[in-house]
$ cat coords.cif   # mmCIF, C-alpha atoms
data_my_file
#
loop_
_atom_site.label_atom_id
_atom_site.label_comp_id
_atom_site.auth_asym_id
_atom_site.auth_seq_id
_atom_site.Cartn_x
_atom_site.Cartn_y
_atom_site.Cartn_z
CA MET A 4 82.81 183.14 201.43
CA GLU A 5 81.15 179.86 200.66
CA ILE A 6 83.49 177.72 198.63
CA LEU A 7 83.12 174.46 196.74
CA ILE A 8 86.24 172.36 196.21
CA ILE A 9 86.43 170.05 193.21
CA GLU A 10 89.57 167.92 193.63
CA ASP A 11 90.06 164.17 193.41
CA GLU A 12 93.19 163.81 195.52
CA LYS A 13 92.37 163.61 199.19
CA LEU A 14 95.63 165.14 200.34
CA GLY A 15 95.30 167.97 197.87
CA ALA A 16 91.76 168.73 198.93
CA GLU A 17 92.65 168.70 202.61
CA ARG A 18 95.57 171.02 202.10
CA LEU A 19 93.47 173.43 200.06
CA MET A 20 90.73 173.37 202.67
CA ASN A 21 93.15 174.16 205.47
CA MET A 22 94.67 176.99 203.53
CA LEU A 23 91.34 178.59 202.70
CA LEU A 24 90.30 178.46 206.33
CA GLU A 25 93.63 179.92 207.43
CA ILE A 26 93.28 182.85 205.04
CA ASP A 27 89.85 183.74 206.35
CA LYS A 28 88.23 181.97 209.29
CA SER A 29 84.78 182.91 208.06
CA ASN A 30 85.25 180.91 204.86
CA THR A 31 83.02 177.86 204.66
CA ILE A 32 83.76 174.82 202.57
CA LEU A 33 80.45 173.70 201.13
CA GLY A 34 81.78 170.36 199.94
CA ILE A 35 84.51 168.41 198.23
CA CYS A 36 83.64 166.70 194.93
CA LYS A 37 86.02 164.15 193.50
CA SER A 38 84.63 163.45 190.08
CA ILE A 39 82.79 165.02 187.18
CA GLN A 40 79.74 163.01 188.08
CA ALA A 41 79.75 164.07 191.72
CA SER A 42 80.36 167.71 190.78
CA VAL A 43 77.51 167.89 188.30
CA LYS A 44 75.18 166.30 190.83
CA TRP A 45 76.26 168.70 193.56
CA LEU A 46 75.81 171.76 191.36
CA ARG A 47 72.35 170.65 190.35
CA GLU A 48 71.17 169.98 193.87
CA ASN A 49 72.71 172.86 195.77
CA LYS A 50 72.70 176.63 195.70
CA LYS A 51 75.40 178.50 193.83
CA PRO A 52 78.66 178.80 195.79
CA ASP A 53 80.52 182.12 196.03
CA LEU A 54 83.61 180.49 194.59
CA ILE A 55 84.66 177.17 193.07
CA MET A 56 88.21 175.85 193.34
CA MET A 57 88.50 173.34 190.55
CA ASP A 58 91.25 170.83 189.78
CA ILE A 59 91.61 170.20 186.08
CA GLU A 60 92.45 166.48 186.22
CA LEU A 61 89.69 164.62 188.01
CA SER A 62 89.38 160.91 188.60
CA ASP A 63 86.97 160.35 185.71
CA GLY A 64 88.13 162.93 183.21
CA GLN A 65 88.90 166.59 182.86
CA CYS A 66 86.89 169.23 184.66
CA PHE A 67 85.84 170.85 181.40
CA GLU A 68 83.28 168.06 181.08
CA ILE A 69 81.43 169.58 184.01
CA PHE A 70 80.77 172.75 182.05
CA LYS A 71 79.38 170.71 179.18
CA GLN A 72 76.85 169.02 181.41
CA GLN A 73 75.90 171.79 183.79
CA PRO A 74 75.92 175.58 183.49
CA VAL A 75 78.26 177.06 186.06
CA GLU A 76 77.50 180.56 187.19
CA ALA A 77 79.89 180.87 190.08
CA PRO A 78 83.40 182.20 189.51
CA VAL A 79 85.99 179.46 189.14
CA ILE A 80 89.65 179.25 190.02
CA PHE A 81 91.40 176.35 188.30
CA THR A 82 94.32 174.49 189.77
CA THR A 83 96.70 172.31 187.87
CA SER A 84 100.11 170.77 188.37
CA TYR A 85 101.48 171.73 185.00
CA ASP A 86 100.57 174.64 182.81
CA GLU A 87 99.76 172.72 179.62
CA TYR A 88 96.10 173.16 180.40
CA ALA A 89 96.24 176.83 181.27
CA LEU A 90 95.31 178.13 177.86
CA LYS A 91 92.35 175.83 177.49
CA ALA A 92 91.17 176.89 180.92
CA PHE A 93 91.00 180.48 179.81
CA LYS A 94 88.59 179.67 177.07
CA VAL A 95 86.12 178.58 179.67
CA ASN A 96 84.73 181.16 182.06
CA SER A 97 87.41 181.59 184.70
CA ILE A 98 89.20 184.10 186.84
CA ASP A 99 92.68 182.82 187.26
CA TYR A 100 94.73 179.64 187.50
CA LEU A 101 97.09 178.52 190.27
CA LEU A 102 100.04 176.24 189.76
CA LYS A 103 100.63 173.33 192.16
CA PRO A 104 102.03 173.09 194.76
CA ILE A 105 99.68 175.85 195.82
CA LYS A 106 101.38 178.55 197.78
CA LYS A 107 99.41 180.50 200.31
CA LYS A 108 100.42 183.86 198.95
CA ASN A 109 98.90 182.99 195.60
CA MET B 9 119.12 177.62 140.16
CA THR B 10 118.92 179.33 136.88
CA ALA B 11 122.27 180.56 135.68
CA LYS B 12 121.20 184.12 135.45
CA ILE B 13 123.73 186.83 135.50
CA LYS B 14 122.26 189.39 137.75
CA PRO B 15 122.06 192.24 137.68
CA LEU B 16 121.65 193.46 134.20
CA TYR B 17 124.62 195.77 134.21
CA ILE B 18 127.04 192.86 134.51
CA LYS B 19 125.52 191.42 131.34
CA VAL B 20 125.85 194.75 129.60
CA PHE B 21 129.42 195.05 130.80
CA LEU B 22 130.34 191.64 129.40
CA VAL B 23 128.74 192.36 126.05
CA VAL B 24 130.58 195.66 125.80
CA LEU B 25 133.83 194.06 126.89
CA PHE B 26 133.65 191.26 124.36
CA THR B 27 132.54 193.59 121.64
CA ALA B 28 135.54 195.79 122.32
CA ILE B 29 137.90 192.81 122.36
CA ASN B 30 136.34 191.48 119.20
CA LEU B 31 136.69 194.74 117.34
CA GLN B 32 140.21 195.18 118.57
CA VAL B 33 141.18 191.68 117.45
CA GLU B 34 139.37 191.72 114.12
CA LYS B 35 141.49 194.37 112.48
CA ASN B 36 140.09 193.47 109.07
CA PHE B 37 136.75 194.98 110.10
CA ASN B 38 138.42 198.28 109.32
CA TYR B 39 138.91 197.29 105.70
CA LEU B 40 135.32 196.37 105.02
CA PRO B 41 133.14 198.69 103.00
CA LEU B 42 130.49 198.78 105.69
CA PRO B 43 129.61 201.67 107.94
CA PHE B 44 131.29 201.14 111.32
CA ILE B 45 128.06 201.64 113.17
CA LEU B 46 126.50 198.69 111.39
CA ILE B 47 129.42 196.45 112.24
CA LEU B 48 129.24 197.64 115.81
CA LEU B 49 125.54 196.87 116.08
CA LEU B 50 125.98 193.44 114.56
CA VAL B 51 128.79 192.55 116.92
CA ILE B 52 126.89 193.80 119.96
CA GLY B 53 123.87 191.84 118.83
CA MET B 54 125.95 188.73 118.38
CA TRP B 55 127.48 188.83 121.85
CA SER B 56 124.13 189.58 123.49
CA LEU B 57 122.47 186.67 121.77
CA LEU B 58 125.43 184.44 122.51
CA PHE B 59 125.54 185.14 126.22
CA HIS B 60 121.81 184.85 126.54
CA LEU B 61 121.61 181.49 124.82
CA ASP B 62 124.69 180.05 126.49
CA GLN B 63 123.33 181.01 129.86
CA LEU B 64 120.07 179.23 129.09
CA ILE B 65 121.95 176.13 128.00
CA ILE B 66 124.07 176.00 131.14
CA ALA B 67 121.01 176.56 133.33
CA GLY B 68 119.38 173.69 131.49
CA THR B 69 122.26 171.30 132.18
CA GLN B 70 122.23 172.32 135.83
CA ARG B 71 118.56 171.47 136.03
CA ARG B 72 119.09 168.19 134.21
CA PHE B 73 122.12 167.10 136.25
CA PRO B 74 121.70 168.85 139.58
CA ALA B 75 123.91 166.72 141.83
CA GLU B 76 127.34 168.02 142.71
CA SER B 77 128.82 164.71 141.61
CA ASP B 78 127.30 165.10 138.15
CA PHE B 79 130.07 167.57 137.33
CA GLN B 80 131.35 165.55 134.39
CA LYS B 81 127.94 165.25 132.82
CA ARG B 82 127.35 168.96 133.18
CA LEU B 83 130.77 169.72 131.74
CA LEU B 84 130.29 167.45 128.77
CA TRP B 85 126.86 168.66 127.80
CA SER B 86 127.49 172.31 128.52
CA ALA B 87 130.81 172.40 126.74
CA LEU B 88 129.37 170.73 123.68
CA ALA B 89 126.16 172.71 123.52
CA VAL B 90 127.72 176.06 124.35
CA ALA B 91 130.59 175.54 121.90
CA LEU B 92 128.24 174.58 119.09
CA THR B 93 125.82 177.41 119.79
CA SER B 94 128.58 179.97 120.07
CA LEU B 95 130.19 178.63 116.93
CA SER B 96 126.98 178.89 114.90
CA ILE B 97 126.20 182.37 116.13
CA MET B 98 129.71 183.64 115.52
CA VAL B 99 129.99 182.06 112.08
CA THR B 100 126.56 183.35 111.09
CA THR B 101 127.48 186.87 112.13
CA ASP B 102 130.77 186.64 110.37
CA VAL B 103 129.09 185.42 107.19
CA LEU B 104 126.47 188.12 107.48
CA ILE B 105 129.05 190.88 107.81
CA GLN B 106 131.02 189.57 104.87
CA TYR B 107 127.90 189.14 102.73
CA LEU B 108 126.79 192.66 103.42
CA SER B 109 130.25 193.91 102.55
CA PHE B 110 130.85 191.94 99.39
CA GLY B 111 127.30 191.70 98.12
CA SER B 112 127.55 187.99 97.35
CA LEU B 113 128.25 184.73 99.09
CA GLU B 114 131.04 183.61 96.81
CA GLN B 115 133.63 185.81 98.41
CA VAL B 116 132.79 184.80 101.93
CA ARG B 117 135.66 183.13 103.75
CA ILE B 118 135.32 181.40 107.07
CA ASN B 119 138.37 180.82 109.20
CA TRP B 120 137.08 177.64 110.85
CA ALA B 121 140.07 176.93 113.01
CA TYR B 122 139.89 180.37 114.49
CA GLN B 123 136.13 180.25 115.06
CA VAL B 124 136.25 176.80 116.66
CA LEU B 125 139.07 177.83 118.95
CA ILE B 126 137.16 180.88 120.13
CA SER B 127 133.99 178.84 120.66
CA VAL B 128 135.73 176.24 122.73
CA LEU B 129 137.56 178.82 124.83
CA LEU B 130 134.33 180.67 125.38
CA SER B 131 132.45 177.56 126.42
CA VAL B 132 135.14 176.60 128.92
CA ILE B 133 135.24 180.07 130.46
CA LEU B 134 131.47 180.40 130.69
CA PHE B 135 131.04 176.91 132.06
CA ALA B 136 133.70 177.48 134.72
CA PHE B 137 132.14 180.77 135.74
CA PHE B 138 128.64 179.35 136.16
CA GLU B 139 129.85 176.15 137.74
CA VAL B 140 131.51 178.12 140.53
CA LEU B 141 128.30 180.05 141.14
CA TYR B 142 126.32 176.82 141.13
CA ARG B 143 128.58 175.10 143.65
CA ALA B 144 128.37 178.10 145.95
CA GLU B 145 124.61 177.90 145.84
CA ILE B 146 124.57 174.17 146.58
CA ASN B 147 126.83 174.77 149.55
CA THR B 148 124.63 177.48 150.99
CA ARG B 149 121.63 175.22 150.67
CA LEU B 150 123.43 172.29 152.30
CA LEU B 151 124.58 174.46 155.19
CA ALA B 152 121.06 175.71 155.81
CA HIS B 153 119.77 172.13 155.72
CA LYS B 154 122.42 170.99 158.20
CA LYS B 155 121.53 173.82 160.58
CA GLU B 156 117.87 172.86 160.37
CA LEU B 157 118.70 169.23 161.19
CA GLU B 158 120.83 170.28 164.15
CA LYS B 159 118.01 172.39 165.45
CA LEU B 160 115.56 169.51 165.14
CA GLN B 161 117.93 167.15 166.91
CA LEU B 162 118.44 169.57 169.73
CA GLN B 163 114.73 170.03 170.07
CA SER B 164 114.19 166.31 170.15
CA SER B 165 116.82 165.81 172.88
CA TYR B 166 115.22 168.57 174.87
CA GLU B 167 111.76 167.05 174.58
CA MET B 168 113.14 163.69 175.65
CA LEU B 169 114.80 165.20 178.67
CA LYS B 170 111.65 167.06 179.61
CA ALA B 171 109.69 163.85 179.33
CA GLN B 172 112.19 162.09 181.57
CA VAL B 173 111.71 164.67 184.26
CA SER B 174 107.94 164.23 183.93
CA PRO B 175 106.89 167.67 185.07
CA HIS B 176 103.32 166.60 185.65
CA PHE B 177 104.32 163.77 187.90
CA LEU B 178 106.82 166.00 189.69
CA PHE B 179 104.42 168.75 190.59
CA ASN B 180 101.64 166.38 191.56
CA SER B 181 104.06 164.58 193.84
CA LEU B 182 105.30 167.79 195.43
CA ASN B 183 101.75 168.81 196.09
CA SER B 184 101.06 165.53 197.86
CA LEU B 185 104.31 165.81 199.78
CA SER B 186 103.44 169.30 200.88
CA ALA B 187 100.21 168.07 202.44
CA LEU B 188 101.89 165.08 204.07
CA ILE B 189 104.55 167.09 205.87
CA SER B 190 102.26 168.51 208.48
CA LYS B 191 99.66 165.78 208.43
CA ASN B 192 101.91 162.74 208.62
CA PRO B 193 105.61 163.56 208.88
CA MET B 194 106.77 159.95 208.93
CA ARG B 195 104.89 159.19 205.78
CA ALA B 196 106.31 162.37 204.30
CA GLU B 197 109.85 161.13 204.92
CA GLN B 198 109.03 157.82 203.36
CA PHE B 199 107.53 159.67 200.43
CA VAL B 200 110.71 161.65 199.91
CA ASP B 201 112.73 158.42 199.90
CA GLU B 202 110.43 156.92 197.31
CA MET B 203 110.63 160.07 195.25
CA SER B 204 114.42 160.03 195.19
CA THR B 205 114.43 156.35 194.19
CA VAL B 206 112.05 157.16 191.38
CA TYR B 207 113.96 160.17 190.11
CA ARG B 208 117.31 158.48 190.34
CA TYR B 209 115.96 155.76 188.11
CA LEU B 210 114.10 158.12 185.80
CA LEU B 211 117.08 160.31 185.16
CA ARG B 212 119.72 157.63 184.82
CA SER B 213 117.82 155.45 182.41
CA ASN B 214 117.95 156.44 178.82
CA GLU B 215 116.35 155.04 175.73
CA ASN B 216 119.09 152.64 174.82
CA GLU B 217 119.37 150.89 178.08
CA LEU B 218 118.09 147.60 179.24
CA SER B 219 117.31 146.96 182.86
CA THR B 220 116.69 143.75 184.70
CA LEU B 221 113.15 142.92 185.70
CA SER B 222 114.30 143.15 189.28
CA GLU B 223 115.45 146.77 188.83
CA GLU B 224 112.27 147.72 187.02
CA LEU B 225 110.10 146.18 189.75
CA HIS B 226 112.10 147.89 192.50
CA PHE B 227 111.46 151.17 190.77
CA ILE B 228 107.79 150.42 190.12
CA ARG B 229 107.21 149.63 193.79
CA ALA B 230 108.52 153.06 194.78
CA TYR B 231 106.65 154.72 191.92
CA GLY B 232 103.47 152.84 192.75
CA SER B 233 103.74 153.74 196.40
CA MET B 234 104.00 157.41 195.49
CA LEU B 235 100.95 157.15 193.30
CA LYS B 236 99.07 155.38 196.05
CA THR B 237 99.74 158.27 198.38
CA ARG B 238 97.89 160.42 195.92
CA PHE B 239 95.12 158.02 195.03
CA ASP B 240 94.78 156.00 198.24
CA ASP B 241 93.00 152.75 197.53
CA GLY B 242 91.87 154.07 194.18
CA LEU B 243 95.01 152.55 192.70
CA GLN B 244 96.27 149.04 193.33
CA ILE B 245 99.39 147.56 191.81
CA ARG B 246 99.82 143.81 192.17
CA ILE B 247 103.09 142.17 191.24
CA HIS B 248 103.65 138.45 190.65
CA ALA B 249 107.10 137.73 189.33
CA ASP B 250 108.74 134.35 188.86
CA ASP B 251 112.12 134.29 190.57
CA ARG B 252 113.68 132.59 187.61
CA LEU B 253 112.89 135.51 185.36
CA ILE B 254 113.88 138.23 187.77
CA TYR B 255 117.25 138.87 186.11
CA HIS B 256 115.93 138.83 182.59
CA LYS B 257 116.08 142.14 180.78
CA LEU B 258 113.71 144.62 179.18
CA PRO B 259 113.97 148.24 177.99
CA SER B 260 114.30 150.68 180.87
CA LEU B 261 111.18 152.47 182.02
CA THR B 262 108.84 150.15 180.11
CA LEU B 263 106.82 149.47 183.26
CA GLN B 264 106.70 153.15 184.16
CA LEU B 265 105.26 154.00 180.76
CA LEU B 266 102.63 151.31 181.01
CA VAL B 267 101.56 152.24 184.52
CA GLU B 268 101.52 155.93 183.65
CA ASN B 269 99.36 155.17 180.63
CA ALA B 270 96.90 153.15 182.66
CA VAL B 271 96.55 155.95 185.19
CA LYS B 272 96.28 158.62 182.53
CA HIS B 273 93.51 157.00 180.56
CA ASN B 274 91.41 155.37 183.25
CA GLU B 275 89.31 156.46 186.17
CA VAL B 276 91.09 156.14 189.48
CA SER B 277 88.87 156.51 192.53
CA GLU B 278 88.03 154.61 195.69
CA ASP B 279 84.56 153.70 194.38
CA LYS B 280 86.08 152.40 191.15
CA PRO B 281 89.62 151.35 191.88
CA LEU B 282 92.10 150.82 189.08
CA ILE B 283 93.89 147.53 189.47
CA ILE B 284 97.16 147.04 187.59
CA LYS B 285 98.62 143.54 187.55
CA ILE B 286 102.22 142.94 186.59
CA GLU B 287 102.84 139.22 186.10
CA THR B 288 105.40 136.99 184.50
CA GLY B 289 104.12 134.15 182.36
CA ASN B 290 105.34 131.28 180.26
CA ASP B 291 107.89 131.73 177.50
CA ASN B 292 109.79 134.51 179.23
CA LYS B 293 106.81 136.81 178.91
CA LEU B 294 105.79 139.73 181.06
CA CYS B 295 102.18 140.76 181.16
CA VAL B 296 100.81 144.11 182.35
CA ARG B 297 97.07 144.31 182.56
CA ASN B 298 94.49 146.65 184.04
CA ASN B 299 90.75 146.76 184.30
CA LEU B 300 89.34 149.13 181.74
CA GLN B 301 87.40 152.12 183.00
CA LYS B 302 88.20 154.84 180.55
CA LYS B 303 88.03 158.48 181.51
CA LYS B 304 85.43 160.58 179.78
CA GLY B 305 86.37 163.35 177.47
CA VAL B 306 89.67 164.19 175.90
CA VAL B 307 92.82 162.88 177.54
CA PHE B 308 95.87 165.00 176.92
CA SER B 309 98.17 162.43 175.46
CA ASN B 310 100.64 162.48 172.62
CA LYS B 311 100.23 158.71 172.29
CA LEU B 312 103.98 158.25 172.21
CA GLY B 313 104.21 155.96 175.23
CA LEU B 314 103.06 152.67 173.76
CA LYS B 315 104.50 153.42 170.33
CA ASN B 316 107.83 154.14 171.97
CA ILE B 317 107.86 150.74 173.65
CA ILE B 318 106.87 148.96 170.43
CA SER B 319 109.58 150.67 168.40
CA ARG B 320 112.25 150.04 171.01
CA TYR B 321 111.34 146.37 171.06
CA ARG B 322 111.60 146.30 167.30
CA LEU B 323 114.96 148.07 167.26
CA LEU B 324 116.36 145.70 169.87
CA GLY B 325 115.06 142.73 167.93
CA MET B 326 113.14 141.57 170.94
CA GLY B 327 110.01 140.53 169.15
CA THR B 328 106.58 142.03 169.14
CA VAL B 329 104.60 143.69 171.85
CA ASP B 330 101.07 142.35 172.02
CA VAL B 331 98.42 144.86 172.95
CA THR B 332 94.93 143.52 173.55
CA GLU B 333 91.90 145.52 174.52
CA THR B 334 88.79 143.65 175.59
CA GLU B 335 85.60 145.12 176.97
CA THR B 336 86.86 144.92 180.49
CA GLU B 337 90.62 144.72 180.28
CA PHE B 338 93.66 146.29 178.70
CA ILE B 339 96.55 143.85 178.33
CA VAL B 340 100.12 144.42 177.18
CA SER B 341 102.31 141.39 176.77
CA LEU B 342 106.08 141.70 176.23
CA SER B 343 109.06 139.37 176.03
CA LEU B 344 111.94 139.39 178.43
CA MET B 345 115.46 138.89 177.18
CA ALA B 346 117.69 136.38 178.90
#

$ encode --input "coords.cif" --output "structure tokens"
Amino acid sequence: MEILIIEDEKLGAERLMNMLLEIDKSNTILGICKSIQASVKWLRENKKPDLIMMDIELSDGQCFEIFKQQPVEAPVIFTTSYDEYALKAFKVNSIDYLLKPIKKKN
Amino acid sequence: MTAKIKPLYIKVFLVVLFTAINLQVEKNFNYLPLPFILILLLVIGMWSLLFHLDQLIIAGTQRRFPAESDFQKRLLWSALAVALTSLSIMVTTDVLIQYLSFGSLEQVRINWAYQVLISVLLSVILFAFFEVLYRAEINTRLLAHKKELEKLQLQSSYEMLKAQVSPHFLFNSLNSLSALISKNPMRAEQFVDEMSTVYRYLLRSNENELSTLSEELHFIRAYGSMLKTRFDDGLQIRIHADDRLIYHKLPSLTLQLLVENAVKHNEVSEDKPLIIKIETGNDNKLCVRNNLQKKKGVVFSNKLGLKNIISRYRLLGMGTVDVTETETEFIVSLSLMA
């Protein structure tokens, strides 16, 4: 699967990347975007990923802004450290949400 | 509360009871040239009207003087009004019965002493009865109110405790720690130390406490270091404290709130680093400022942080908290207590 990671914390992104590669060696990480701005730009300029792993709190705002600026057709899995945002996430097009710290079995 | 006797059958019972007593007591009814059924109807009518009106009067005084302590006012007005009303109704009925019996008003005799005595007795009994019911109702209402207050207080303590634990901060930190363990074990150990310093301080401080500037800065260094592990060079905390002010006091966790606020509302990234400066100034003042680069969109915030600090300062009589927002900077200036 070709996966895009949207996460502003370097450690978090690295950990997620390692985990995804451990689960399936054929997974490819297409990129890591740290901000709304970077994400929107990436989505405009690149082909649709198979999956997007999206952190809700980004360095310049909340990830929901991305959806306002750019249509997202790929399936999205949200990650967050606390489930306050979970309900709002469901209103946007999503599959599931994972609570941090992310456990491999999830 | 309206002094209603519910249900209806109690009312009926009382009317019947008093009618029976009345007829039993008034033996001279038997000697009147009136059909018994008429007397019966008149007496029943009298008691029904009496109870109905008296009940309305007492309900009225309860509405007019609702406090439990207004007992004397209620007693005075009720007793007077009920006695007078009962007296008039009873006398009128008595006169009516006699008039119908004798055919003229000249032979009508009113035993005033007797009528007044009955009226007063009646008013006392009725008042006592309704007063008891009224008090019971006040008590139930007070109890419910107290329970509601207790519930609110409990909820508020719970929310405060939850806020102290800072779930968001906790889980973010654990996530960072998890990544550090394999990547940089030494840093991970250091991170755990910082985390325990932070949580020890977070959990032991409560709203009423003052801490020295030295304690607050010690905590903020650990807290800041943890945040820097997450944000790298995206976050910079610079501290300049005058040694003479280092043992001055301020409300616990003030600095944590301000730093948390800055991070919550502003963009934190390596291209646009957030710089928070904590500096002491003249006049025992502490200044916390950061460059303004607000996050887009809605920030989940209940806005309590700054308000909390301002109200605590006010409660402690420590003067005002000055909050200034320019185009480029956000500045909070607070006093330190000697």

$ atom_distance --input "coords.cif" --atom1 "atom CA of Asn183 of chain B" --atom2 "atom CA of Ile9 of chain A"
15.6 Å

$ interface_residues --input "coords.cif" --of "chain B" --to "chain A" --cutoff "10 Å" --atoms "only C-alpha atoms" --output "PyMOL selection string"
chain B and resi 174-188+190-191+237-240+242+271-278+280+301-308

$ write_last_selection --input "coords.cif" --atoms "C-alpha atoms" --output "short mmCIF file (atom, residue, chain, number, x, y, z; two decimals), in the frame of the given file"
data_model
loop_
_atom_site.label_atom_id
_atom_site.label_comp_id
_atom_site.auth_asym_id
_atom_site.auth_seq_id
_atom_site.Cartn_x
_atom_site.Cartn_y
_atom_site.Cartn_z
CA SER B 174 107.94 164.23 183.93
CA PRO B 175 106.89 167.67 185.07
CA HIS B 176 103.32 166.60 185.65
CA PHE B 177 104.32 163.77 187.90
CA LEU B 178 106.82 166.00 189.69
CA PHE B 179 104.42 168.75 190.59
CA ASN B 180 101.64 166.38 191.56
CA SER B 181 104.06 164.58 193.84
CA LEU B 182 105.30 167.79 195.43
CA ASN B 183 101.75 168.81 196.09
CA SER B 184 101.06 165.53 197.86
CA LEU B 185 104.31 165.81 199.78
CA SER B 186 103.44 169.30 200.88
CA ALA B 187 100.21 168.07 202.44
CA LEU B 188 101.89 165.08 204.07
CA SER B 190 102.26 168.51 208.48
CA LYS B 191 99.66 165.78 208.43
CA THR B 237 99.74 158.27 198.38
CA ARG B 238 97.89 160.42 195.92
CA PHE B 239 95.12 158.02 195.03
CA ASP B 240 94.78 156.00 198.24
CA GLY B 242 91.87 154.07 194.18
CA VAL B 271 96.55 155.95 185.19
CA LYS B 272 96.28 158.62 182.53
CA HIS B 273 93.51 157.00 180.56
CA ASN B 274 91.41 155.37 183.25
CA GLU B 275 89.31 156.46 186.17
CA VAL B 276 91.09 156.14 189.48
CA SER B 277 88.87 156.51 192.53
CA GLU B 278 88.03 154.61 195.69
CA LYS B 280 86.08 152.40 191.15
CA GLN B 301 87.40 152.12 183.00
CA LYS B 302 88.20 154.84 180.55
CA LYS B 303 88.03 158.48 181.51
CA LYS B 304 85.43 160.58 179.78
CA GLY B 305 86.37 163.35 177.47
CA VAL B 306 89.67 164.19 175.90
CA VAL B 307 92.82 162.88 177.54
CA PHE B 308 95.87 165.00 176.92
#

$ atom_distance --input "coords.cif" --atom1 "atom CA of Leu42 of chain B" --atom2 "atom CA of Ser109 of chain B"
5.8 Å

$ atom_distance --input "coords.cif" --atom1 "atom CA of Ser341 of chain B" --atom2 "atom CA of Leu323 of chain B"
17.2 Å

$ residues_near_point --input "coords.cif" --point "(109.0, 162.5, 175.3)" --cutoff "12 Å" --atoms "all atoms listed in the file" --output "list in words"
Gln163, Ser164, Ser165, Tyr166, Glu167, Met168, Leu169, Lys170, Ala171, Gln172, Val173, Ser174, Pro175, Asn214, Glu215, Leu265, Ser309, Asn310, Lys311, Leu312, Gly313, Leu314, Lys315, Asn316 and Ile317 of chain B

$ residues_near_point --input "coords.cif" --point "(85.2, 174.0, 202.2)" --cutoff "12 Å" --atoms "all atoms listed in the file" --output "MDAnalysis selection string"
chainID A and resid 4:10 16:25 27:36 52:56

$ write_last_selection --input "coords.cif" --atoms "C-alpha atoms" --output "CSV table (one decimal), in the coordinates of the input"
chain,number,residue,atom,x,y,z
A,4,MET,CA,82.8,183.1,201.4
A,5,GLU,CA,81.2,179.9,200.7
A,6,ILE,CA,83.5,177.7,198.6
A,7,LEU,CA,83.1,174.5,196.7
A,8,ILE,CA,86.2,172.4,196.2
A,9,ILE,CA,86.4,170.0,193.2
A,10,GLU,CA,89.6,167.9,193.6
A,16,ALA,CA,91.8,168.7,198.9
A,17,GLU,CA,92.6,168.7,202.6
A,18,ARG,CA,95.6,171.0,202.1
A,19,LEU,CA,93.5,173.4,200.1
A,20,MET,CA,90.7,173.4,202.7
A,21,ASN,CA,93.2,174.2,205.5
A,22,MET,CA,94.7,177.0,203.5
A,23,LEU,CA,91.3,178.6,202.7
A,24,LEU,CA,90.3,178.5,206.3
A,25,GLU,CA,93.6,179.9,207.4
A,27,ASP,CA,89.8,183.7,206.4
A,28,LYS,CA,88.2,182.0,209.3
A,29,SER,CA,84.8,182.9,208.1
A,30,ASN,CA,85.2,180.9,204.9
A,31,THR,CA,83.0,177.9,204.7
A,32,ILE,CA,83.8,174.8,202.6
A,33,LEU,CA,80.4,173.7,201.1
A,34,GLY,CA,81.8,170.4,199.9
A,35,ILE,CA,84.5,168.4,198.2
A,36,CYS,CA,83.6,166.7,194.9
A,52,PRO,CA,78.7,178.8,195.8
A,53,ASP,CA,80.5,182.1,196.0
A,54,LEU,CA,83.6,180.5,194.6
A,55,ILE,CA,84.7,177.2,193.1
A,56,MET,CA,88.2,175.8,193.3

$ axis_aligned_box --input "coords.cif" --around "segment 264-275 of chain B" --padding-each-side "6 Å" --output "JSON"
{"center_x": 98.0, "center_y": 155.0, "center_z": 183.4, "size_x": 29.4, "size_y": 19.3, "size_z": 17.6}

$ residues_around --input "coords.cif" --residues "Ala75 of chain B" --least-positions-apart "5" --cutoff "12 Å" --atoms "all atoms listed in the file" --output "list in words"
Thr69, Gln70, Gln80, Lys81, Arg82, Glu139, Tyr142, Arg143, Glu145, Ile146, Asn147 and Leu150 of chain B

$ closest_residue --input "coords.cif" --among "B:His60, B:Arg320, B:Lys285, B:Arg195" --to "His248 of chain B" --atoms "all atoms listed in the file"
B:Lys285

$ residues_around --input "coords.cif" --residues "Leu84 of chain B" --least-positions-apart "4" --cutoff "12 Å" --atoms "only C-alpha atoms" --output "list in words"
Ile66, Thr69, Gln70, Phe73, Asp78, Phe79, Gln80, Leu88, Ala89, Val90, Ala91, Val128, Ser131, Val132 and Phe135 of chain B

$ closest_residue --input "coords.cif" --among "B:Glu223, B:Met234, B:Ile97, B:Leu218" --to "Leu324 of chain B" --atoms "all atoms listed in the file"
B:Leu218

$ residues_around --input "coords.cif" --residues "Leu46 of chain A" --least-positions-apart "6" --cutoff "9 Å" --atoms "only C-alpha atoms" --output "list in words"
Pro52, Gln73, Pro74 and Val75 of chain A

$ resolve_selection --input "coords.cif" --expression "the PyMOL selection byres ((chain B and resi 260) around 7)" --output "PyMOL selection string"
chain B and resi 213+217-219+258-259+261-262
